[in-house]
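Chemist: Pasting entry.cif below, which is mmCIF, C-alpha atoms and all ligand atoms.
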data_upload
loop_
_atom_site.label_atom_id
_atom_site.label_comp_id
_atom_site.auth_asym_id
_atom_site.auth_seq_id
_atom_site.Cartn_x
_atom_site.Cartn_y
_atom_site.Cartn_z
CA MET A 7 13.18 -6.80 -34.73
CA ALA A 8 14.09 -3.77 -32.78
CA ALA A 9 11.84 -2.29 -30.25
CA ALA A 10 11.71 1.40 -30.74
CA ALA A 11 12.49 2.66 -27.35
CA PRO A 12 11.74 6.32 -27.04
CA ALA A 13 14.95 8.08 -26.28
CA ALA A 14 13.43 10.75 -24.20
CA ALA A 15 11.07 8.71 -22.21
CA PRO A 16 9.53 10.79 -19.53
CA ALA A 17 10.93 9.98 -16.19
CA ALA A 18 8.86 7.47 -14.42
CA LYS A 19 5.72 9.19 -13.46
CA LYS A 20 5.79 9.12 -9.77
CA LYS A 21 2.45 9.55 -8.29
CA ASP A 22 2.56 11.30 -5.05
CA VAL A 23 1.36 8.40 -3.09
CA LYS A 24 0.81 9.38 0.43
CA LYS A 25 -0.49 6.45 2.22
CA GLY A 26 -0.91 6.39 5.88
CA PRO A 27 0.23 3.49 7.95
CA VAL A 28 -1.13 0.32 6.56
CA LYS A 29 -3.97 -0.82 8.65
CA ALA A 30 -3.39 -4.42 9.31
CA LYS A 31 -6.47 -6.40 9.76
CA LEU A 32 -6.75 -7.81 13.16
CA SER A 33 -6.25 -11.49 13.07
CA LYS A 34 -7.41 -13.84 15.70
CA LYS A 35 -3.84 -14.23 16.74
CA ASP A 36 -3.55 -10.61 17.69
CA ALA A 37 -6.43 -10.86 20.04
CA TYR A 38 -4.42 -12.93 22.40
CA LYS A 39 -1.21 -12.35 24.14
CA VAL A 40 0.78 -15.09 25.71
CA ASN A 41 2.07 -14.02 29.03
CA GLY A 42 4.30 -16.68 30.41
CA ASN A 43 2.10 -19.71 30.33
CA LYS A 44 -1.06 -17.71 30.53
CA VAL A 45 -3.05 -16.42 27.64
CA GLU A 46 -4.48 -12.99 27.97
CA ARG A 47 -7.04 -11.44 25.76
CA THR A 48 -5.93 -8.08 24.55
CA LYS A 49 -9.22 -7.13 23.01
CA PRO A 50 -12.57 -6.81 24.67
CA ALA A 51 -15.10 -9.40 23.70
CA CYS A 52 -18.48 -8.52 22.33
CA PRO A 53 -21.17 -8.80 24.99
CA LYS A 54 -23.72 -9.68 22.37
CA CYS A 55 -21.80 -12.18 20.32
CA GLY A 56 -20.02 -13.82 23.18
CA PRO A 57 -16.46 -14.32 24.26
CA GLY A 58 -15.35 -15.67 20.91
CA ILE A 59 -15.96 -12.42 19.10
CA PHE A 60 -13.62 -9.60 19.73
CA MET A 61 -14.35 -5.96 19.44
CA ALA A 62 -12.35 -3.61 17.30
CA THR A 63 -10.74 -0.99 19.43
CA HIS A 64 -10.80 2.59 18.32
CA LYS A 65 -9.44 5.55 20.12
CA ASP A 66 -12.77 6.49 21.59
CA ARG A 67 -14.86 3.40 21.22
CA VAL A 68 -14.90 -0.28 20.69
CA SER A 69 -17.13 -1.89 18.14
CA CYS A 70 -18.08 -5.35 17.09
CA GLY A 71 -17.59 -6.11 13.44
CA LYS A 72 -20.07 -8.90 13.57
CA CYS A 73 -23.17 -7.38 15.06
CA GLY A 74 -22.22 -3.75 15.02
CA TYR A 75 -22.39 -3.27 18.73
CA THR A 76 -20.49 -0.18 19.72
CA GLU A 77 -19.44 0.95 23.11
CA PHE A 78 -18.04 4.39 23.64
CA ASN A 79 -15.31 5.03 26.07
CA LYS A 80 -16.29 7.09 28.99
CA LYS A 81 -14.75 10.47 28.99
CA GLU A 82 -13.10 11.42 32.15
ZN ZN B 101 -21.07 -8.54 18.38
#
Here is a file; write its structure as structure tokens.
Modeler:
Amino acid sequence: MAAAAPAAAPAAKKKDVKKGPVKAKLSKKDAYKVNGNKVERTKPACPKCGPGIFMATHKDRVSCGKCGYTEFNKKE
């Protein structure tokens, strides 16, 4: 059996996909940075949830994904 392949198949429809930089989800690993033999936290911890919960940092604020606490950066 022969598959009837259309001779003039339209060129692959390329959707103009304009995706911004892929936002990687912050993993627990990224919240720490090993500096020598010290471990530094690179993200602020949520004051409501405790030191185990890190805040998501935005350009003008930090927010907790768990309780929703948001703290805006002070403008200078
Ligand atoms: Zn929280």
Chemist: Between A:Lys65, A:Thr76, A:Pro57, A:Cys52, which residue has the minimum interatomic distance to ligand ZN 101 (chain B), considering all atoms listed in the file?
Modeler: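 Of the candidates, the smallest distance to ligand ZN 101 (chain B) is held by A:Cys52.
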Chemist: Hey, can you check how far CA of Lys25 (chain A) sits from CA of Tyr38 (chain A)?
Modeler: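 Answer for the CA of Lys25 (chain A) to CA of Tyr38 (chain A) separation: 28.3 Å.
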Chemist: With only C-alpha atoms and all ligand atoms as the basis for distance, which of A:Cys55, A:Val23, A:Ala13, A:Val40 is at the shortest distance from ligand ZN 101 (chain B)?
Modeler: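 Answer, going by the shortest atom-to-atom distance: A:Cys55.
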Chemist: Can I get the residues close to ligand ZN 101 (chain B) as a ChimeraX atom specification, where close means within 10 Å and we count only C-alpha atoms and all ligand atoms?
Modeler: /A:51-61,69-76
Chemist: So which residues touch Asn79 (chain A) within 12 Å, counting only C-alpha atoms, skipping near sequence neighbours fewer than 2 positions away, as a list of chain:residue names?
Modeler: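 Close residues of Asn79 (chain A): A:Thr63, A:His64, A:Lys65, A:Asp66, A:Arg67, A:Val68, A:Ser69, A:Thr76, A:Glu77, A:Lys81, A:Glu82.
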Chemist: Quick one: distance from CA of Asn41 (chain A) to CA of Pro27 (chain A) in Å, one decimal?
Modeler: 27.5 Å
Chemist: Please write out, as AutoDock Vina command-line options, where the centre of an axis-aligned box around all listed atoms of region 48-62 of chain A lies and how long its edges are, in Å to one decimal, after adding 6 Å on each side.
Modeler:
--center_x -14.8 --center_y -9.6 --center_z 21.1 --size_x 29.8 --size_y 24.1 --size_z 19.7
Chemist: When you get a chance, write out N, CA and C atoms for region 44-70 of chain A, as an mmCIF file, keeping the file's coordinate frame.
Modeler:
data_model
loop_
_atom_site.group_PDB
_atom_site.id
_atom_site.type_symbol
_atom_site.label_atom_id
_atom_site.label_comp_id
_atom_site.auth_asym_id
_atom_site.auth_seq_id
_atom_site.Cartn_x
_atom_site.Cartn_y
_atom_site.Cartn_z
ATOM 1 N N LYS A 44 0.341 -18.122 30.500
ATOM 2 C CA LYS A 44 -1.060 -17.710 30.530
ATOM 3 C C LYS A 44 -1.390 -17.001 29.230
ATOM 4 N N VAL A 45 -2.620 -17.123 28.843
ATOM 5 C CA VAL A 45 -3.050 -16.420 27.640
ATOM 6 C C VAL A 45 -3.993 -15.295 28.052
ATOM 7 N N GLU A 46 -3.641 -14.123 27.632
ATOM 8 C CA GLU A 46 -4.480 -12.990 27.970
ATOM 9 C C GLU A 46 -5.161 -12.471 26.714
ATOM 10 N N ARG A 47 -6.360 -12.069 26.885
ATOM 11 C CA ARG A 47 -7.040 -11.440 25.760
ATOM 12 C C ARG A 47 -6.670 -9.977 25.766
ATOM 13 N N THR A 48 -6.304 -9.491 24.620
ATOM 14 C CA THR A 48 -5.930 -8.080 24.550
ATOM 15 C C THR A 48 -7.061 -7.231 24.032
ATOM 16 N N LYS A 49 -8.092 -7.880 23.542
ATOM 17 C CA LYS A 49 -9.220 -7.130 23.010
ATOM 18 C C LYS A 49 -10.470 -7.474 23.813
ATOM 19 N N PRO A 50 -11.324 -6.508 23.979
ATOM 20 C CA PRO A 50 -12.570 -6.810 24.670
ATOM 21 C C PRO A 50 -13.462 -7.678 23.805
ATOM 22 N N ALA A 51 -14.193 -8.534 24.444
ATOM 23 C CA ALA A 51 -15.100 -9.400 23.700
ATOM 24 C C ALA A 51 -16.456 -8.734 23.581
ATOM 25 N N CYS A 52 -17.166 -9.104 22.549
ATOM 26 C CA CYS A 52 -18.480 -8.520 22.330
ATOM 27 C C CYS A 52 -19.482 -9.132 23.306
ATOM 28 N N PRO A 53 -20.192 -8.286 24.028
ATOM 29 C CA PRO A 53 -21.170 -8.800 24.990
ATOM 30 C C PRO A 53 -22.365 -9.438 24.304
ATOM 31 N N LYS A 54 -22.578 -9.109 23.067
ATOM 32 C CA LYS A 54 -23.720 -9.680 22.370
ATOM 33 C C LYS A 54 -23.361 -10.975 21.672
ATOM 34 N N CYS A 55 -22.184 -11.003 21.088
ATOM 35 C CA CYS A 55 -21.800 -12.180 20.320
ATOM 36 C C CYS A 55 -21.140 -13.238 21.177
ATOM 37 N N GLY A 56 -20.647 -12.832 22.325
ATOM 38 C CA GLY A 56 -20.020 -13.820 23.180
ATOM 39 C C GLY A 56 -18.514 -13.673 23.206
ATOM 40 N N PRO A 57 -17.889 -14.464 24.023
ATOM 41 C CA PRO A 57 -16.460 -14.320 24.260
ATOM 42 C C PRO A 57 -15.595 -14.681 23.062
ATOM 43 N N GLY A 58 -16.164 -15.289 22.056
ATOM 44 C CA GLY A 58 -15.350 -15.670 20.910
ATOM 45 C C GLY A 58 -15.194 -14.552 19.903
ATOM 46 N N ILE A 59 -15.999 -13.515 20.060
ATOM 47 C CA ILE A 59 -15.960 -12.420 19.100
ATOM 48 C C ILE A 59 -15.342 -11.207 19.763
ATOM 49 N N PHE A 60 -14.320 -10.719 19.139
ATOM 50 C CA PHE A 60 -13.620 -9.600 19.730
ATOM 51 C C PHE A 60 -14.066 -8.286 19.099
ATOM 52 N N MET A 61 -13.957 -7.274 19.896
ATOM 53 C CA MET A 61 -14.350 -5.960 19.440
ATOM 54 C C MET A 61 -13.131 -5.279 18.819
ATOM 55 N N ALA A 62 -13.412 -4.422 17.867
ATOM 56 C CA ALA A 62 -12.350 -3.610 17.300
ATOM 57 C C ALA A 62 -12.184 -2.392 18.189
ATOM 58 N N THR A 63 -10.968 -2.116 18.532
ATOM 59 C CA THR A 63 -10.740 -0.990 19.430
ATOM 60 C C THR A 63 -10.391 0.252 18.631
ATOM 61 N N HIS A 64 -11.096 1.293 18.908
ATOM 62 C CA HIS A 64 -10.800 2.590 18.320
ATOM 63 C C HIS A 64 -10.385 3.511 19.456
ATOM 64 N N LYS A 65 -9.975 4.693 19.069
ATOM 65 C CA LYS A 65 -9.440 5.550 20.120
ATOM 66 C C LYS A 65 -10.517 5.983 21.118
ATOM 67 N N ASP A 66 -11.748 6.035 20.658
ATOM 68 C CA ASP A 66 -12.770 6.490 21.590
ATOM 69 C C ASP A 66 -13.916 5.497 21.742
ATOM 70 N N ARG A 67 -13.773 4.368 21.122
ATOM 71 C CA ARG A 67 -14.860 3.400 21.220
ATOM 72 C C ARG A 67 -14.367 2.022 20.850
ATOM 73 N N VAL A 68 -15.162 1.069 21.162
ATOM 74 C CA VAL A 68 -14.900 -0.280 20.690
ATOM 75 C C VAL A 68 -16.155 -0.723 19.943
ATOM 76 N N SER A 69 -15.969 -1.460 18.895
ATOM 77 C CA SER A 69 -17.130 -1.890 18.140
ATOM 78 C C SER A 69 -16.965 -3.320 17.669
ATOM 79 N N CYS A 70 -18.091 -3.978 17.538
ATOM 80 C CA CYS A 70 -18.080 -5.350 17.090
ATOM 81 C C CYS A 70 -18.310 -5.368 15.586
#
